[in-house]
$ cat upload-v4.cif   # mmCIF, C-alpha atoms
data_input
loop_
_atom_site.label_atom_id
_atom_site.label_comp_id
_atom_site.auth_asym_id
_atom_site.auth_seq_id
_atom_site.Cartn_x
_atom_site.Cartn_y
_atom_site.Cartn_z
CA MET K 1 14.42 152.32 81.16
CA ASP K 2 16.68 150.47 78.71
CA ILE K 3 15.50 150.61 75.07
CA ALA K 4 15.77 146.84 74.84
CA THR K 5 13.21 146.44 77.62
CA VAL K 6 10.62 148.84 76.23
CA THR K 7 7.34 147.04 75.59
CA PRO K 8 4.16 148.32 73.90
CA SER K 9 2.64 148.72 77.36
CA SER K 10 5.58 150.69 78.77
CA SER K 11 5.69 152.81 75.62
CA ARG K 12 2.05 153.73 76.09
CA SER K 13 2.64 154.56 79.75
CA LEU K 14 5.56 156.84 78.85
CA THR K 15 3.42 158.61 76.26
CA SER K 16 0.66 159.06 78.83
CA LEU K 17 3.17 160.40 81.35
CA ALA K 18 4.56 162.85 78.79
CA PHE K 19 1.03 163.88 77.83
CA GLU K 20 0.02 164.60 81.44
CA ARG K 21 3.16 166.58 82.23
CA LEU K 22 2.99 168.64 79.06
CA ARG K 23 -0.73 169.23 79.52
CA GLU K 24 -0.25 170.42 83.10
CA ASP K 25 2.58 172.77 82.14
CA ILE K 26 0.51 174.26 79.31
CA LEU K 27 -2.65 174.65 81.41
CA SER K 28 -0.70 176.21 84.28
CA GLY K 29 1.14 178.63 81.98
CA ARG K 30 4.59 177.25 82.75
CA LEU K 31 4.81 176.67 79.01
CA ALA K 32 3.77 180.03 77.57
CA PRO K 33 1.42 180.69 74.64
CA SER K 34 3.19 180.46 71.26
CA GLU K 35 6.32 179.02 72.90
CA ARG K 36 8.19 176.66 70.58
CA LEU K 37 8.25 173.09 71.85
CA ARG K 38 11.59 171.57 70.93
CA ILE K 39 11.75 167.81 71.24
CA GLN K 40 15.28 167.68 72.62
CA ALA K 41 14.57 170.29 75.27
CA LEU K 42 11.40 168.48 76.31
CA THR K 43 13.15 165.11 76.60
CA GLU K 44 15.64 166.74 78.96
CA ARG K 45 12.94 168.58 80.87
CA TYR K 46 10.83 165.48 81.52
CA GLN K 47 13.47 162.74 81.22
CA ILE K 48 11.24 160.94 78.71
CA GLY K 49 12.23 159.69 75.26
CA ALA K 50 11.66 161.63 72.06
CA THR K 51 9.14 159.15 70.63
CA ALA K 52 6.84 159.46 73.65
CA ILE K 53 7.20 163.25 73.58
CA ARG K 54 6.20 163.43 69.89
CA GLU K 55 3.21 161.18 70.44
CA ALA K 56 2.10 163.26 73.43
CA LEU K 57 2.41 166.49 71.43
CA SER K 58 0.31 164.99 68.65
CA ARG K 59 -2.39 164.10 71.18
CA LEU K 60 -2.31 167.65 72.56
CA THR K 61 -2.91 169.11 69.11
CA THR K 62 -6.23 167.26 69.09
CA ASP K 63 -7.19 169.03 72.33
CA GLY K 64 -6.24 172.42 70.90
CA LEU K 65 -3.41 173.00 73.39
CA VAL K 66 -0.57 172.57 70.88
CA ASP K 67 -0.22 173.72 67.28
CA ALA K 68 1.69 171.66 64.71
CA GLU K 69 3.28 173.38 61.70
CA ASP K 70 4.68 171.59 58.66
CA GLN K 71 8.46 171.60 58.73
CA ARG K 72 8.47 173.81 61.85
CA GLY K 73 7.48 171.43 64.63
CA PHE K 74 5.21 172.17 67.59
CA THR K 75 4.29 175.31 69.51
CA VAL K 76 2.02 176.00 72.49
CA ALA K 77 -1.34 177.24 71.20
CA SER K 78 -1.66 181.01 71.22
CA VAL K 79 -4.29 182.96 73.17
CA SER K 80 -6.42 185.97 72.28
CA ARG K 81 -9.36 187.99 73.51
CA GLU K 82 -11.42 186.90 70.50
CA GLU K 83 -10.75 183.22 71.16
CA LEU K 84 -11.66 183.57 74.84
CA LEU K 85 -14.98 185.21 73.99
CA ASP K 86 -15.75 182.52 71.43
CA LEU K 87 -14.72 179.83 73.92
CA THR K 88 -17.00 181.31 76.57
CA GLN K 89 -20.02 181.49 74.27
CA THR K 90 -19.46 177.94 73.04
CA ARG K 91 -19.04 176.65 76.58
CA ILE K 92 -22.27 178.32 77.69
CA GLN K 93 -24.26 176.78 74.86
CA ILE K 94 -22.80 173.27 75.24
CA GLU K 95 -23.11 173.20 79.04
CA GLN K 96 -26.64 174.57 79.04
CA MET K 97 -27.63 171.72 76.74
CA ALA K 98 -25.81 169.22 78.97
CA LEU K 99 -27.41 170.61 82.14
CA ARG K 100 -30.91 170.34 80.69
CA MET K 101 -30.14 166.73 79.80
CA ALA K 102 -28.77 166.08 83.30
CA ILE K 103 -31.87 167.50 84.97
CA ALA K 104 -34.13 165.44 82.72
CA ARG K 105 -32.16 162.20 83.12
CA GLY K 106 -30.24 162.50 86.38
CA ASP K 107 -31.09 160.03 89.13
CA VAL K 108 -30.55 159.92 92.88
CA GLU K 109 -26.94 158.86 92.32
CA TRP K 110 -26.36 162.03 90.28
CA GLU K 111 -27.90 164.16 93.04
CA SER K 112 -25.76 162.44 95.70
CA ARG K 113 -22.57 162.93 93.70
CA LEU K 114 -23.41 166.60 93.14
CA LEU K 115 -24.12 167.22 96.84
CA SER K 116 -20.90 165.44 97.82
CA SER K 117 -18.80 167.43 95.37
CA PHE K 118 -20.34 170.71 96.53
CA HIS K 119 -19.65 169.81 100.16
CA ARG K 120 -15.98 169.10 99.41
CA LEU K 121 -15.63 172.37 97.51
CA SER K 122 -17.33 174.46 100.18
CA ARG K 123 -15.23 172.95 102.99
CA ILE K 124 -11.93 174.24 101.59
CA ASP K 125 -10.80 177.30 103.54
CA VAL K 126 -9.76 179.92 100.99
CA ARG K 127 -9.45 182.85 103.39
CA HIS K 128 -5.68 182.34 103.53
CA VAL K 129 -4.73 180.96 100.15
CA THR K 130 -1.62 178.80 99.89
CA ALA K 131 -0.32 176.65 97.06
CA GLU K 132 -1.80 173.59 98.80
CA THR K 133 -5.27 175.04 99.34
CA LEU K 134 -5.31 176.45 95.80
CA ALA K 135 -4.47 173.02 94.36
CA ALA K 136 -7.18 171.39 96.51
CA TRP K 137 -9.71 174.04 95.50
CA LYS K 138 -8.93 173.63 91.79
CA THR K 139 -9.43 169.88 92.02
CA ALA K 140 -12.69 170.23 93.95
CA HIS K 141 -13.87 172.97 91.60
CA ARG K 142 -13.35 170.77 88.55
CA GLN K 143 -15.11 167.88 90.27
CA PHE K 144 -18.10 170.07 91.15
CA HIS K 145 -18.60 171.33 87.60
CA ASP K 146 -18.14 167.78 86.30
CA ALA K 147 -20.71 166.48 88.78
CA LEU K 148 -23.28 168.99 87.54
CA LEU K 149 -22.97 167.51 84.06
CA LEU K 150 -22.59 163.79 84.76
CA GLY K 151 -26.29 163.13 84.77
CA CYS K 152 -26.59 164.02 81.07
CA GLY K 153 -25.68 160.45 80.12
CA SER K 154 -23.77 161.46 76.97
CA PRO K 155 -20.05 160.58 76.85
CA TRP K 156 -19.43 162.84 73.85
CA THR K 157 -21.14 165.80 75.51
CA LEU K 158 -19.08 165.26 78.67
CA ARG K 159 -15.91 165.02 76.61
CA LEU K 160 -16.65 168.36 74.92
CA CYS K 161 -17.48 170.01 78.23
CA ARG K 162 -14.23 168.80 79.81
CA LEU K 163 -12.22 170.02 76.84
CA LEU K 164 -13.83 173.46 77.10
CA TYR K 165 -13.18 173.47 80.87
CA ASP K 166 -9.47 172.85 80.24
CA GLN K 167 -9.27 175.69 77.74
CA THR K 168 -10.94 178.08 80.18
CA GLU K 169 -8.64 176.89 82.97
CA ARG K 170 -5.64 177.77 80.84
CA TYR K 171 -6.87 181.32 80.31
CA ARG K 172 -7.67 181.60 84.01
CA ASN K 173 -4.14 180.57 84.95
CA LEU K 174 -2.64 183.00 82.46
CA SER K 175 -4.59 185.98 83.79
CA GLU K 176 -2.60 188.34 85.93
CA ARG K 177 -2.70 188.86 89.68
CA GLY K 178 -4.71 192.05 89.24
CA ALA K 179 -7.78 189.98 88.44
CA ARG K 180 -8.14 189.18 92.14
CA LYS K 181 -9.15 192.78 92.93
CA ARG K 182 -12.64 192.17 91.55
CA LYS K 183 -15.13 191.28 94.30
CA ARG K 184 -16.96 188.00 93.83
CA ASP K 185 -18.76 185.47 96.00
CA VAL K 186 -17.88 182.27 94.14
CA GLY K 187 -19.16 180.09 96.97
CA LYS K 188 -22.61 181.66 96.65
CA GLU K 189 -22.58 181.09 92.89
CA HIS K 190 -21.78 177.41 93.33
CA ARG K 191 -24.37 176.96 96.05
CA GLU K 192 -27.08 178.53 93.88
CA MET K 193 -26.17 176.26 90.97
CA MET K 194 -26.29 173.19 93.19
CA GLU K 195 -29.67 174.20 94.63
CA ALA K 196 -31.14 174.86 91.17
CA ALA K 197 -29.94 171.46 89.97
CA ILE K 198 -31.38 169.61 92.98
CA ALA K 199 -34.66 171.51 92.52
CA ARG K 200 -34.65 170.46 88.85
CA ASP K 201 -35.01 174.08 87.79
CA ALA K 202 -33.34 173.91 84.37
CA ASP K 203 -34.09 177.49 83.32
CA ARG K 204 -32.61 178.95 86.50
CA LEU K 205 -29.58 176.70 86.36
CA CYS K 206 -28.90 177.72 82.76
CA ARG K 207 -29.11 181.39 83.70
CA LEU K 208 -26.76 180.85 86.62
CA ILE K 209 -24.16 178.95 84.60
CA GLU K 210 -24.14 181.65 81.93
CA ALA K 211 -23.63 184.40 84.51
CA HIS K 212 -20.92 182.31 86.21
CA PHE K 213 -18.96 181.79 83.01
CA ARG K 214 -19.32 185.36 81.80
CA GLU K 215 -18.11 186.75 85.11
CA THR K 216 -15.07 184.47 84.98
CA THR K 217 -14.34 185.69 81.45
CA ASN K 218 -14.65 189.33 82.50
CA ILE K 219 -12.22 188.74 85.36
CA ILE K 220 -9.73 187.07 83.01
CA LEU K 221 -9.99 189.95 80.55
CA ASP K 222 -9.52 192.47 83.37
CA GLY K 223 -6.42 190.64 84.54
CA GLY K 224 -4.86 190.18 81.12
CA PHE K 225 -3.30 187.02 79.78
CA ALA K 226 -1.16 187.87 76.75
CA ASP K 227 2.18 187.21 78.44
CA GLY K 228 1.52 183.92 80.20
CA ARG K 229 5.06 183.61 81.56
CA THR K 230 4.25 184.35 85.18
CA PRO K 231 1.00 182.72 86.26
CA ALA K 232 -0.17 183.89 89.67
CA ALA K 233 0.50 181.35 92.41
CA THR K 234 -2.55 182.24 94.49
CA ARG K 235 -5.54 182.90 92.26
CA ARG K 236 -9.16 181.84 92.58
CA VAL K 237 -11.69 183.36 90.15
CA GLY K 238 -14.33 180.62 89.82
#
$ encode --input "upload-v4.cif" --output "structure tokens"
Amino acid sequence: MDIATVTPSSSRSLTSLAFERLREDILSGRLAPSERLRIQALTERYQIGATAIREALSRLTTDGLVDAEDQRGFTVASVSREELLDLTQTRIQIEQMALRMAIARGDVEWESRLLSSFHRLSRIDVRHVTAETLAAWKTAHRQFHDALLLGCGSPWTLRLCRLLYDQTERYRNLSERGARKRKRDVGKEHREMMEAAIARDADRLCRLIEAHFRETTNIILDGGFADGRTPAATRRVG
């Protein structure tokens, strides 16, 4: 795109494009924790102008995926065992609150959306994992957890839950291939959560979501995540 033809609308679209590509590379681990993010290298990597790259990086600092240092530029946010444990506890508390709100306020539309999202997730054949099935499962998995919460009716609560989901997803992608050795029936966990939600059993659903998140955290810790340079291509831990 010629500079002379750049409009406010196209500038915003370029910033959004840069944001999405950077976000995906950070969440997937292709950009490693603590890696320095040099503007020139990123403009070449994504074929997007420096202004859009800087604006995207600034947005990512708000989400906690990028750190900005005075006079030193941007780096990918670091990871640690302590942060993961804190993230897990915070996510449990926020989502339990959101789930209780969803059960109290959710209508038939919420139930229908939840059942539909569970059906899509359960229909994905993960016995022979490929890059395509893993991508489909990750999308359906996110949609299922989002559907559980949508009935809460609070945009700010949903925003916080989605931010915490992204942070957990990053740790999950950074965990090593060894994490897959741990036996787990994720499909059963999701089915039990769906059934508890439809039955409007808030206490049981809150217990299930806590166990679900803590097991995921234990798997991540077992697998390790300090390096982050070689995310496993075929991982599914819930």
$ resolve_selection --input "upload-v4.cif" --expression "the PyMOL selection byres ((chain K and resi 123) around 12)" --output "list in words"
Ser116, Ser117, Phe118, His119, Arg120, Leu121, Ser122, Ile124, Asp125, Val126, Arg127, Thr133, Ala136, Trp137, Ala140, His141 and Gly187 of chain K
$ resolve_selection --input "upload-v4.cif" --expression "the PyMOL selection byres ((chain K and resi 79) around 9)" --output "list in words"
Pro33, Ser34, Ala77, Ser78, Ser80, Arg81, Glu82, Glu83, Leu84, Tyr171, Phe225 and Ala226 of chain K
$ closest_residue --input "upload-v4.cif" --among "K:Ala102, K:Leu37, K:Leu22, K:Ile219" --to "Asp67 (chain K)" --atoms "only C-alpha atoms"
K:Leu37
$ closest_residue --input "upload-v4.cif" --among "K:Ala199, K:Ala98, K:Ile103, K:Leu65" --to "Trp156 (chain K)" --atoms "only C-alpha atoms"
K:Ala98
$ residues_near_point --input "upload-v4.cif" --point "(-13.3, 169.3, 75.2)" --cutoff "12 Å" --atoms "all atoms listed in the file" --output "NGL selection string"
:K and (60 or 62-65 or 87 or 90-91 or 94-95 or 155-169)
$ resolve_selection --input "upload-v4.cif" --expression "the PyMOL selection byres ((chain K and resi 213) around 12)" --output "short mmCIF file (atom, residue, chain, number, x, y, z; two decimals) with C-alpha atoms, in the coordinates of the input"
data_model
loop_
_atom_site.label_atom_id
_atom_site.label_comp_id
_atom_site.auth_asym_id
_atom_site.auth_seq_id
_atom_site.Cartn_x
_atom_site.Cartn_y
_atom_site.Cartn_z
CA LEU K 84 -11.66 183.57 74.84
CA LEU K 85 -14.98 185.21 73.99
CA LEU K 87 -14.72 179.83 73.92
CA THR K 88 -17.00 181.31 76.57
CA GLN K 89 -20.02 181.49 74.27
CA THR K 90 -19.46 177.94 73.04
CA ARG K 91 -19.04 176.65 76.58
CA ILE K 92 -22.27 178.32 77.69
CA GLN K 93 -24.26 176.78 74.86
CA GLU K 95 -23.11 173.20 79.04
CA GLN K 96 -26.64 174.57 79.04
CA HIS K 145 -18.60 171.33 87.60
CA LEU K 164 -13.83 173.46 77.10
CA TYR K 165 -13.18 173.47 80.87
CA THR K 168 -10.94 178.08 80.18
CA GLU K 169 -8.64 176.89 82.97
CA ARG K 172 -7.67 181.60 84.01
CA VAL K 186 -17.88 182.27 94.14
CA GLU K 189 -22.58 181.09 92.89
CA HIS K 190 -21.78 177.41 93.33
CA CYS K 206 -28.90 177.72 82.76
CA ARG K 207 -29.11 181.39 83.70
CA LEU K 208 -26.76 180.85 86.62
CA ILE K 209 -24.16 178.95 84.60
CA GLU K 210 -24.14 181.65 81.93
CA ALA K 211 -23.63 184.40 84.51
CA HIS K 212 -20.92 182.31 86.21
CA ARG K 214 -19.32 185.36 81.80
CA GLU K 215 -18.11 186.75 85.11
CA THR K 216 -15.07 184.47 84.98
CA THR K 217 -14.34 185.69 81.45
CA ASN K 218 -14.65 189.33 82.50
CA ILE K 219 -12.22 188.74 85.36
CA ILE K 220 -9.73 187.07 83.01
CA VAL K 237 -11.69 183.36 90.15
CA GLY K 238 -14.33 180.62 89.82
#
$ atom_distance --input "upload-v4.cif" --atom1 "CA of Ala68 (chain K)" --atom2 "CA of Glu55 (chain K)"
12.0 Å
$ build_atoms --input "upload-v4.cif" --residues "region 19-31 of chain K" --atoms "N, CA and C atoms" --output "compact mmCIF listing (two decimals), keeping the file's coordinate frame"
# COMPACT_ATOMS: atom_id res chain seq x y z
N PHE K 19 2.25 163.13 78.12
CA PHE K 19 1.03 163.88 77.83
C PHE K 19 0.57 164.65 79.07
N GLU K 20 0.51 163.96 80.22
CA GLU K 20 0.02 164.60 81.44
C GLU K 20 0.93 165.73 81.89
N ARG K 21 2.24 165.53 81.78
CA ARG K 21 3.16 166.58 82.23
C ARG K 21 3.13 167.78 81.30
N LEU K 22 3.09 167.53 80.01
CA LEU K 22 2.99 168.64 79.06
C LEU K 22 1.66 169.38 79.23
N ARG K 23 0.60 168.63 79.35
CA ARG K 23 -0.73 169.23 79.52
C ARG K 23 -0.76 170.12 80.75
N GLU K 24 -0.25 169.64 81.87
CA GLU K 24 -0.25 170.42 83.10
C GLU K 24 0.58 171.68 82.96
N ASP K 25 1.73 171.59 82.30
CA ASP K 25 2.58 172.77 82.14
C ASP K 25 1.96 173.79 81.19
N ILE K 26 1.20 173.33 80.22
CA ILE K 26 0.51 174.26 79.31
C ILE K 26 -0.67 174.90 80.02
N LEU K 27 -1.49 174.10 80.72
CA LEU K 27 -2.65 174.65 81.41
C LEU K 27 -2.25 175.63 82.51
N SER K 28 -1.14 175.35 83.18
CA SER K 28 -0.70 176.21 84.28
C SER K 28 -0.03 177.48 83.78
N GLY K 29 0.42 177.48 82.52
CA GLY K 29 1.14 178.63 81.98
C GLY K 29 2.64 178.52 82.11
N ARG K 30 3.14 177.41 82.67
CA ARG K 30 4.59 177.25 82.75
C ARG K 30 5.21 177.13 81.35
N LEU K 31 4.45 176.60 80.42
CA LEU K 31 4.81 176.67 79.01
C LEU K 31 3.91 177.75 78.40
